[in-house]
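Q: Can you keep this structure in mind? I'll have questions shortly.
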Amino acid sequence: MHYLVGNLGHIFVITSFITSLVTAFSYYKATTSVEPDKKLFWLQNGRAGFMLHAAAVVGISICLFTIIFNHYYEYHYAYNYTDRKLPIYYLISTFWNGQEGSFLLWLFWQAILGLILIRTNKFWEGPVMTTFSIVQAFLASMVLGVVIPGLNLKLGSSPFILLRDAMPEAPIFAANPEYVPKDGQGLNELLQNYWMVIHPPTLFLGYASTLVPFAFCMAGLWLRKYRDWVRPALPWALFSGAILGLGILMGGYWAYETLSFGGYWNWDPVENSVFVPWLVLIGAIHTMITYRNSETALKAAMFLVIGTFILVLYATFLTRSGILGDASVHSFTDLGLSGQLLIYLLFFLVAGVALIVWRWKEIPFTEKEASVYSREFWIFIGAIVLCLMSFQILLPTSIPVWNKLLSLVGIDANIAPPADQVKFYSKVQLWFAVAVGLLSGIGQFFWWRNVDLGKLKKELIPPTLITLGLFAIIITIGQVYKVPYMVLTLAGVFTLVSNATILVGLLKNSPSLSGGAVAHIGVGLMLIGMMFSSGYSRVVSLNNTGMLISKQFSKEFNRDNLFLFVNETRTMWGYDIEYFGERLEPRHHGGYIRKSDVNETDDRDKVVAKFNISVNGQAYKAKDTIEIKGENTFYEIQLRKGDRAFTLYPRAQINPEMGGLLPSPDIYRTVSADLFTTVSSAMKPAGEDEWSDLQEMRIKQGEQFFANDYVCVLESVDRVYEVEGIDLTPDDVAVKAHFRVQGEHGDYFAEPIFVIKNRLVGRIPDEIRDLGLRMVLMNIHPETNDFTIATRTRQKDWVVIKAVEMPYINVVWIGTLVLMIGFGIAMTRRIREFNKMKEKGLE
Amino acid sequence: MKKSHIIVLVVIAAAIAIIVSTAGDASTYVDFGQAMAMSTSGNDREIHVVGELKKDAQGHIIGLEEGSDRVSFSFLMIDDKGREQKVYYNQPMPADFTRSEKVVVIGSYVENDFRASKILLKCPSKYQDEKKLNV
């Protein structure tokens, strides 16, 4: 038992909690003190406190990593999320697999951001860090795991809890309190993906960074510096928008690559709850920019910045309190933190709203209304559209909350989220997307304040003509004939063209200002790409044989799926398609193992090579044990066209409990479309009844014969002195026959064994799975020097696949990338602006 | 009328439209009896039913049947009112299905069969799997 590291971790947790409280108090005093001496004293105190806090957070992380890396299974966290088979990068990712760890990740990022702020921003340090430290205190309390004596109230859930304390009912601990499991439960197979390593850190950095603009806004209200907080907050808001957006899109890409629903967005409550704050954040960024340029929309900027942070807290509450349990496919269980999470949410909601109401009268306000011909007006409308967009998502996503609230006043509402979420959201969000597209195009033409109508018309004509031309080309080539999709395409193309026009103008004179134009080009590309990939995806694996796969299957299944026998070519999507057989995945290196080349063992994760094989350059000798990921089976499928060939490995996890099949796609990417391929049905391990009766024949060594339509040859027969599972005495005899079978793409081998032990005959058959062929050595006839062999055959291996074409999905990913670049350019510009002011001593 | 007033009115109208459309498209949590009644009265909207898998005295799940194509299955579910119903699902069994303590099925009756288009699970999850310990 390694108690030290856990105790140390626990001490660090408590330290981080207490230091954050002390820091908050110190920075509060530093902000409110008038005398310079006292101010400095408290400021130094606060700084030291935060450093200590950050050090404690790092300490917690080191302790947790130590437990994970050293496989200390006496700890619940290590036991529950890891096992000894996990490679190092997945071990790292198990850190944030549990709720406690993901809180830690959040805490960690915010500590880093806090340190950066202390270094870069002297003027705002006091008030900003006060808010920061209070947030840190709330987060640290989530991992505290301390029971308050007297009240019997548990605060937080500690990642350092021992297994025996987490599972007090387990009988083993009554017998032996010192019991340590030999191995852990492992990481959920769906999470064993490189995205698990990078997606959560990105998303939590996004979450953490929304705190910075919020803290600046609160500081501005507190110090009555209503105008000044925007400048330092803006680069951070852009940073946050980029990182949070990237995190969300990574999640979408992850889903696309590994889940079988065939898309990147499923409108699941958990996805929605992250998307909503991002939309509001984008609205906030736009109003902040408007304010910087024209002194309008300050109140809107404040509302949206505060709203973003509150919505992040709300998302956390929704996903972690267990309230979504009956509404989301991602099942989250209440860790007993829902009360704490609710207090966390309400504290900042009340604080934010109270401060803004209290200062309302003092917040500068321009009486003059923005002109319809001003850029500000249209940006403001854009922000409103983004807010309505998020409202339309937030309202149904919160249905479980409405039920809870209604039940508090005694109404049993029983409202459930819309049954078909994708349809429900898409049909409304499409029109919001159209509005966003049009506005982000128009807005750019009001570069100068109050453009007059005549000039505007003149400026708008060329891009409008280009838009219409391009639009006509796209809908003709893409065959877009549905009206809503046509409108969406038009909006996307308009944004693209008008922003490209602006970009060309900007690149000549002031490329540093091009962030907005670039980002909006990205948005236009994404709209077009989404329209095509979602609206016009189509099944291409059409059953073109004219025969039903099975009468028992539904009509749709028979129509949309392709039945492939091993080594038999079919056509699909203009390609020749051929199935090569089942493959296994080596645990420690790349490549795939042919299932017919190995024998299974009792351990699902280990197979034994039948003969010398080479997998991806790694050589294995006969009888070598190869470690594999036993839960996965891959199906090697080759696509060929002319001299191009591409191999797909869609995956299926066979559910051992009842043989169900959990598919995961493989994607063939071409420039214009992705081919999204999933296994929709596969063979069961064949039962004895599916094999034909024994077919005996008498042959000589080297003689050819046919079995299951394949040419086979008996190459040699050797005496062997060891047979696995049988004790051979010197009186016993064992011989092994070596058969070579000519497959369509190379040879297969079978090595049945014939044993005479204690004068009793035993026969160990050997099977070539892919070809559905089983060989038995029946008898040896030394007198005539020939052998009786027998073959049993069954249907050849097969798989049923479904393939969907996703046209122009690459445009979505390119658009994403362009959007991120736009954020980057804009951020660079605002950081420079901030630095200039800092040099002047104004920050 | 000032422009800002127009904007406020438009926003309020849009918000109301959103609320109304959400209320219109929202599904409801019902039991199998209510779902059956809805179906026989000609309402084929998809609804949510919450319940548990049927288990025998030893706690083993009974009534699971694999579809012939291996990518569909059916199971016996008991709703909160104790009514038993066979549920058909035209997709593979979700991971951890058999370990779930509660299931939510979204779908509707087609004659006497309940056809689920989506299944949500409430699992003891990896967090709180306190009963089982691989020793």
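Residue numbering restarts at 1 in every chain; chains get A, B, ... in the order shown in the structure tokens, and ligands count up from 1 in that same order.
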Skip Ser541 in chain A itself and residues of its chain fewer than 6 positions away, then list as JSON, numbers by chain all residues within 7 Å of it, counting only C-alpha atoms.
A: {"A": [560, 561, 562, 572, 802, 803]}
Q: Determine, counting only C-alpha atoms, which protein, DNA and RNA residues have an atom within 8 Å of an atom of Gly263 in chain A; residues of the same chain fewer than 4 positions away are not included. Present the result as a count of residues only.
A: 4
Q: Determine, counting only C-alpha atoms, which protein, DNA and RNA residues have an atom within 12 Å of an atom of range 502-511 of chain A; residues of the same chain fewer than 6 positions away are not included. Present the result as a list of chain:residue names.
A: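 Result of the neighbour search: A:Ser440, A:Gly441, A:Ile442, A:Gly443, A:Gln444, A:Phe445, A:Phe446, A:Trp447, A:Glu459, A:Leu460, A:Pro462, A:Pro463, A:Thr495, A:Leu496, A:Ala517, A:Val518, A:Ala519, A:His520, A:Ile521, A:Gly822, A:Ile825, A:Ala826, A:Thr828, A:Arg829.
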Q: Got a sec: who's within 12 Å of Ser39 in chain B, counting only C-alpha atoms, leaving out chain neighbours fewer than 3 positions off, as an MDAnalysis selection string?
A: chainID B and resid 32:36 42:47 107:115
Q: Quick one: DSSP alpha helix (DSSP H) residues in chain B, as a PyMOL selection string?
A: chain B and resi 3-25+32-40
Q: Restricting it to C-alpha atoms, dump the selection as a PDB file, in the first residue's frame.
A:
ATOM      1  CA  LYS B   3     -35.364  51.288 -34.361  1.00  0.00           C
ATOM      2  CA  SER B   4     -34.419  49.795 -31.017  1.00  0.00           C
ATOM      3  CA  HIS B   5     -38.069  49.250 -30.222  1.00  0.00           C
ATOM      4  CA  ILE B   6     -38.578  47.422 -33.474  1.00  0.00           C
ATOM      5  CA  ILE B   7     -35.582  45.240 -32.744  1.00  0.00           C
ATOM      6  CA  VAL B   8     -36.880  44.474 -29.247  1.00  0.00           C
ATOM      7  CA  LEU B   9     -40.269  43.522 -30.652  1.00  0.00           C
ATOM      8  CA  VAL B  10     -38.746  41.288 -33.317  1.00  0.00           C
ATOM      9  CA  VAL B  11     -36.552  39.564 -30.732  1.00  0.00           C
ATOM     10  CA  ILE B  12     -39.511  38.975 -28.430  1.00  0.00           C
ATOM     11  CA  ALA B  13     -41.551  37.608 -31.318  1.00  0.00           C
ATOM     12  CA  ALA B  14     -38.703  35.288 -32.327  1.00  0.00           C
ATOM     13  CA  ALA B  15     -38.253  34.100 -28.747  1.00  0.00           C
ATOM     14  CA  ILE B  16     -41.961  33.337 -28.438  1.00  0.00           C
ATOM     15  CA  ALA B  17     -41.895  31.491 -31.744  1.00  0.00           C
ATOM     16  CA  ILE B  18     -38.970  29.417 -30.490  1.00  0.00           C
ATOM     17  CA  ILE B  19     -40.752  28.613 -27.234  1.00  0.00           C
ATOM     18  CA  VAL B  20     -43.948  27.636 -29.024  1.00  0.00           C
ATOM     19  CA  SER B  21     -42.160  25.454 -31.559  1.00  0.00           C
ATOM     20  CA  THR B  22     -40.151  23.760 -28.792  1.00  0.00           C
ATOM     21  CA  ALA B  23     -43.301  23.080 -26.824  1.00  0.00           C
ATOM     22  CA  GLY B  24     -44.902  21.719 -29.979  1.00  0.00           C
ATOM     23  CA  ASP B  25     -42.047  19.364 -30.812  1.00  0.00           C
ATOM     24  CA  PHE B  32     -46.463   1.779 -21.774  1.00  0.00           C
ATOM     25  CA  GLY B  33     -50.185   1.961 -20.980  1.00  0.00           C
ATOM     26  CA  GLN B  34     -50.381   5.617 -21.974  1.00  0.00           C
ATOM     27  CA  ALA B  35     -48.230   4.981 -25.029  1.00  0.00           C
ATOM     28  CA  MET B  36     -50.567   2.206 -26.129  1.00  0.00           C
ATOM     29  CA  ALA B  37     -53.587   4.437 -25.602  1.00  0.00           C
ATOM     30  CA  MET B  38     -51.950   7.197 -27.674  1.00  0.00           C
ATOM     31  CA  SER B  39     -51.158   4.749 -30.434  1.00  0.00           C
ATOM     32  CA  THR B  40     -54.679   3.289 -30.610  1.00  0.00           C
TER      33      THR B  40
END
Q: Find the residues near Ser209 in chain A: any atom within 9 Å, counting only C-alpha atoms, skip ones fewer than 5 places away on the same chain, and give them as number ranges by chain.
A: A: 109-110, 113, 204, 236-237, 239-241, 243-244
Q: I'd like the neighbourhood of Ile106 in chain B as a PyMOL selection string, where a residue qualifies if any of its atoms comes within 10 Å (using only C-alpha atoms), though same-chain residues fewer than 3 positions away should be ignored.
A: (chain A and resi 416+418-420) or (chain B and resi 27-29+46-50+103+114-120)
Q: Calculate how many Å separate CA of Thr816 in chain A from CA of Gly98 in chain A, rounding to one decimal.
A: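 Interatomic distance, CA of Thr816 in chain A to CA of Gly98 in chain A: 29.1 Å.
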Q: Under the rule that only C-alpha atoms are counted, which of A:Tyr291, A:Tyr81, A:Tyr748, A:Phe739 is the nearest residue to chain B?
A: A:Tyr81
